[in-house]
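> Quick one: structure below, then a few questions.
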Amino acid sequence: MRPTKWWTAAAAVGLLVLAACGDNADSGSGSGPGGIKPPKIDKMASLGAGEGSVNIIAWAGYVENGSTDPKVDWVTGFEKETGCKVNVKIGATSDEMVTLMKTGEYDTVSASGDASLRLIYGGDVAPVNTDLIPNYKDVFDGLKNKAWNSVDGVSYGVPHGRGANLLMYRTDSVNPAPTSWSAVFDPSSPYKGKVTAYDSPIYIADAALYLMKTKPDLGIKNPYALDDKQFNAAVDLLKQQNKIIGEYWSDYTKEVSAFKAGNSVLGTTWQVIVNLAKADSAPVEAILPSEGATGWSDTWMVAAKAKHPNCAYKWMNHIISPEANAAVAEWFGEAPSNKLACGKTADANHCATFHAEDEAYFDKVWYWTTPITQCVDGRTDVKCKDYAAWTQAWTEIKG
Amino acid sequence: MVKPSVESAEPAKPARRVQPVGRRVSAWLHRHAGVRLTALLVAPLTWLVVAYLGALGVLLVSAFWTVNGFTGDVVHQPTVDNFRTIVSEAVYRRVTIRSIGVAAAVTVVTAVIALPMAFYMAKVARPGRRRWLVIAILTPLWASYLVKAYAWRVLLANGGPIDSLLGGPGRGPGYGLTATVIVLSYLWLPYMILPLFAGLERLPDSLLEASADLGARSWRTFRSVVMPMIVPSLFAGSIFTFSLSLGDYITVQIVGGKTQLIGNLVYANIGAANNLPFAAALATIPVAVMVIYLFAVRRSGALEEL
């Protein structure tokens, strides 16, 4: 009978654990976007002394201390000047960044538009007192207080920079050079098995963007606002694309190695990956295809429960300073957010090349945005697919 | 010059009147069997119940929660939605079957490679050499899992060593399901060889000789004498290879191309989608598969071989 006793004891403890978990069962956070307001969190009133370190979540290439390339370094100077030691965690996708921010271990994050609102409404980030950030006044007005970095006129971060997702190809094997996204959606592609795509549900927007240009009768106005029919068309396109995909990437080092070896020869990328692959002597080029592209407009945000808020503010001020903003914009391959950064780039034409002041150009770039049930293109007669549905579909697409 | 100390060489005099504390405690414990047992079991039981079963319990409970799709906060209201999705969507069935297939293939491949290897080690090699062979089998386990997996990514790369061996770029398997099975078989091979080796070592040589004396050829001996006796070892090894393969997601991410297994879905739901409840629901699939597998294996007596 002894085993029975053990089992009883184990079951009893198990039940206790369950009961303890059950106690936490609060009401959740309710109805989602639309009616709800972000949790009330106070912004910092005044800046104090640095705490000695700052924990950052960033996109690859946003926080460089010279270890990737000795010439690429805008962290060491910051650490010396402020005494804030920089600890960085690279996020591969926006989803990963949101998950990491929820751990409460990090002070600041470079959030794209498909993460920022989720962080704001989740109560994970605090409003930012832009008066405490001297460099904020030099940020392009076209980037301030936008839908993805503010709510009801309250700013939740400082703009970092913006850019477009590009199409990368190997110059030695892809002939002729692609000009359109059709190269990665062609079911009879000669590069079958060597095409790559970004491994995140947000990539569905790339397919939607392509359909927006090639199948006008679907009526897609915004690749992040897809009703049932439009969504299914995008998912079908991606399921068909899956047959010619060799590998999906989210870890940027994986894409560099795949292009270098030739396992991938064609697919979506970021400018910084092109730079790294070229530095690794891979014969690659990247273009902005004729359909336009999805892209990002990133925002530095500060955690609601930051353990090092002063260092986080100092970092936000530093990363949008003309010098650092110019350096990161050139290294990552994006348009800087600080007007004065355009005068500090090593390549004098950088701001022109990346259309830093060209709002008309950025009208054609569809910044990553979190898809929600209320269509973000303003339609009220239909319901759009929300991000949970996108995530579900992404699993199905990969099969 | 240091003189050797004379005093330190003297034996310490035992205290005669007062017994040492340790002695008294052990005497007391000797009289109280119940306390003794409790003290002995409290640590392992705490570990088993709290850390092990507790974690499983939390997993099972959270599988019935959901996540707010927009803010990503967990909604603590029990529902079976997660399981309904898993059962109703064809993709999860496909991935489950694929994962079980990979685990089974890895088990078969490692068994086929490990059997002759273990037989040689246990029955043919001289004892001196045997020790070296065991060390050679164990050595790869010292290297980091990630390093080994990335080494295979290089080996299997387009135009890499395996391609050149087979005659040029694109001739090798490349990244995909085949590569996953190859690399997992490489990684888990020691876990199959060792139980087989232990089982074969216990097989008396006299049985093989008797079989030969009775006129059986080597195949017949293998089939009728060796096999029945090492089946439990084979199952014991297969528990390792099968369960390790079933839960793996790193190898398939590195060399699997676009393949996704259960582990990837769990990882994607935790890391990317921030949907811990759904990940928990998915994670019950391998648990269920392993429970069924263990029940099947138990009948063979293999669990005594662990």
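By order of appearance in the structure tokens: chains A, B, ..., then residues from 1 within every chain, and ligands from 1 in the order shown.
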Between chain A and chain B, at 6 Å or less, what are the per-residue closest atom pairs and their distances in Å? Count only C-alpha atoms, order by chain and rising residue number, and return it as JSON lines.

```
{"residue": "A:Ala25", "atom": "CA", "partner": "B:His76", "partner_atom": "CA", "distance": 4.8}
{"residue": "A:Gly28", "atom": "CA", "partner": "B:Val75", "partner_atom": "CA", "distance": 4.6}
{"residue": "A:Asp95", "atom": "CA", "partner": "B:Ala272", "partner_atom": "CA", "distance": 4.6}
{"residue": "A:Glu96", "atom": "CA", "partner": "B:Ala272", "partner_atom": "CA", "distance": 4.8}
{"residue": "A:Thr99", "atom": "CA", "partner": "B:Asn274", "partner_atom": "CA", "distance": 5.6}
{"residue": "A:Arg118", "atom": "CA", "partner": "B:Thr71", "partner_atom": "CA", "distance": 4.8}
{"residue": "A:Tyr121", "atom": "CA", "partner": "B:Thr71", "partner_atom": "CA", "distance": 5.9}
{"residue": "A:Gly122", "atom": "CA", "partner": "B:Thr71", "partner_atom": "CA", "distance": 4.6}
{"residue": "A:Gly246", "atom": "CA", "partner": "B:Gly257", "partner_atom": "CA", "distance": 5.8}
{"residue": "A:Glu247", "atom": "CA", "partner": "B:Gly257", "partner_atom": "CA", "distance": 4.3}
{"residue": "A:Tyr248", "atom": "CA", "partner": "B:Lys258", "partner_atom": "CA", "distance": 5.8}
{"residue": "A:Ala261", "atom": "CA", "partner": "B:Asn158", "partner_atom": "CA", "distance": 5.7}
{"residue": "A:Gly262", "atom": "CA", "partner": "B:Asn158", "partner_atom": "CA", "distance": 5.9}
{"residue": "A:Asn263", "atom": "CA", "partner": "B:Asn158", "partner_atom": "CA", "distance": 5.4}
{"residue": "A:Ala388", "atom": "CA", "partner": "B:Gly69", "partner_atom": "CA", "distance": 5.3}
{"residue": "A:Glu396", "atom": "CA", "partner": "B:Val91", "partner_atom": "CA", "distance": 5.6}
{"residue": "A:Gly399", "atom": "CA", "partner": "B:Val91", "partner_atom": "CA", "distance": 5.8}
```
> Do a neighbour search on Asn242 in chain A at 9 Å with only C-alpha atoms, toss out local chain neighbours closer than 2 positions, and write the hits as a list in words.
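What passes the distance filter is Leu237, Leu238, Lys239, Gln240, Ile244, Ile245, Gly246, Ile397, Lys398 and Gly399 of chain A; Lys258 of chain B.
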> Apply DSSP to the structure's backbone, then extract all residues of range 104-269 of chain B labelled helix (DSSP H, G or I) and return them as a VMD selection string.
chain B and resid 104 to 124 127 to 142 145 to 155 161 to 165 177 to 202 205 to 213 218 to 247 250 to 255 262 to 269
> What's the 8 Å shell around range 203-219 of chain A, counting only C-alpha atoms, without same-chain residues fewer than 4 positions away, as a list in words?
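With the cut-off at 8 Å, the set is Trp181, Ser182, Ala197, Tyr198, Asp199, Pro223, Tyr224, Lys229, Gln230, Phe231, Ala234, Val235, Leu237, Leu238, Glu291, Ala293, Thr294, Trp390 and Trp394 of chain A.
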> Work out how far apart CA of Asn317 in chain A and CA of Ser250 in chain A are and give it in Å to one decimal.
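Atom-to-atom, CA of Asn317 in chain A to CA of Ser250 in chain A, that is 28.9 Å.
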> Please, what distance in Å, to one decimal, runs between CA of Val154 in chain A and CA of Thr299 in chain A?
13.8 Å
> Considering only strand (DSSP E or B) as DSSP defines it on the backbone, what residues of range 20-132 of chain B qualify? List them as a list in words.
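Taking range 20-132 of chain B and keeping strand (DSSP E or B) gives Thr66, Val67, Val74 and Val75 of chain B.
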> For Asp141 in chain A, find every residue with an atom within 12 Å (counting only C-alpha atoms), except residues of its own chain fewer than 3 positions away, and show them as a VMD selection string.
chain A and resid 136 to 138 144 to 146 158 to 159 337 to 339 356 to 357 359
> Can you spit out the residues from that selection as a CSV table (one decimal), in the first residue's frame, using N, CA and C atoms?

```csv
chain,number,residue,atom,x,y,z
A,136,TYR,N,15.9,65.4,-28.3
A,136,TYR,CA,14.6,65.1,-28.9
A,136,TYR,C,14.1,66.3,-29.8
A,137,LYS,N,14.6,67.5,-29.5
A,137,LYS,CA,14.1,68.7,-30.2
A,137,LYS,C,14.6,68.6,-31.7
A,138,ASP,N,15.7,67.9,-31.9
A,138,ASP,CA,16.2,67.8,-33.3
A,138,ASP,C,15.7,66.6,-34.1
A,144,LYS,N,7.5,62.5,-34.9
A,144,LYS,CA,7.1,62.7,-33.5
A,144,LYS,C,5.6,62.4,-33.4
A,145,ASN,N,5.2,61.9,-32.2
A,145,ASN,CA,3.8,61.7,-31.8
A,145,ASN,C,3.0,61.0,-32.9
A,146,LYS,N,3.5,59.9,-33.4
A,146,LYS,CA,2.8,59.1,-34.4
A,146,LYS,C,2.0,58.0,-33.8
A,158,VAL,N,11.3,57.7,-28.0
A,158,VAL,CA,11.9,58.6,-28.9
A,158,VAL,C,12.2,57.8,-30.2
A,159,PRO,N,11.9,58.5,-31.3
A,159,PRO,CA,12.1,57.8,-32.6
A,159,PRO,C,13.6,57.5,-32.9
A,337,SER,N,16.8,59.5,-37.3
A,337,SER,CA,15.7,60.3,-36.9
A,337,SER,C,16.1,61.7,-36.5
A,338,ASN,N,17.3,62.0,-36.3
A,338,ASN,CA,17.8,63.3,-35.9
A,338,ASN,C,18.2,64.1,-37.2
A,339,LYS,N,17.6,65.3,-37.3
A,339,LYS,CA,18.0,66.1,-38.5
A,339,LYS,C,19.5,66.4,-38.6
A,356,ALA,N,15.9,60.3,-45.9
A,356,ALA,CA,15.6,60.6,-44.5
A,356,ALA,C,14.5,61.7,-44.4
A,357,GLU,N,14.5,62.7,-45.3
A,357,GLU,CA,13.6,63.8,-45.2
A,357,GLU,C,12.5,63.7,-46.2
A,359,GLU,N,9.2,62.5,-47.0
A,359,GLU,CA,8.0,61.8,-46.5
A,359,GLU,C,7.2,61.1,-47.5
```
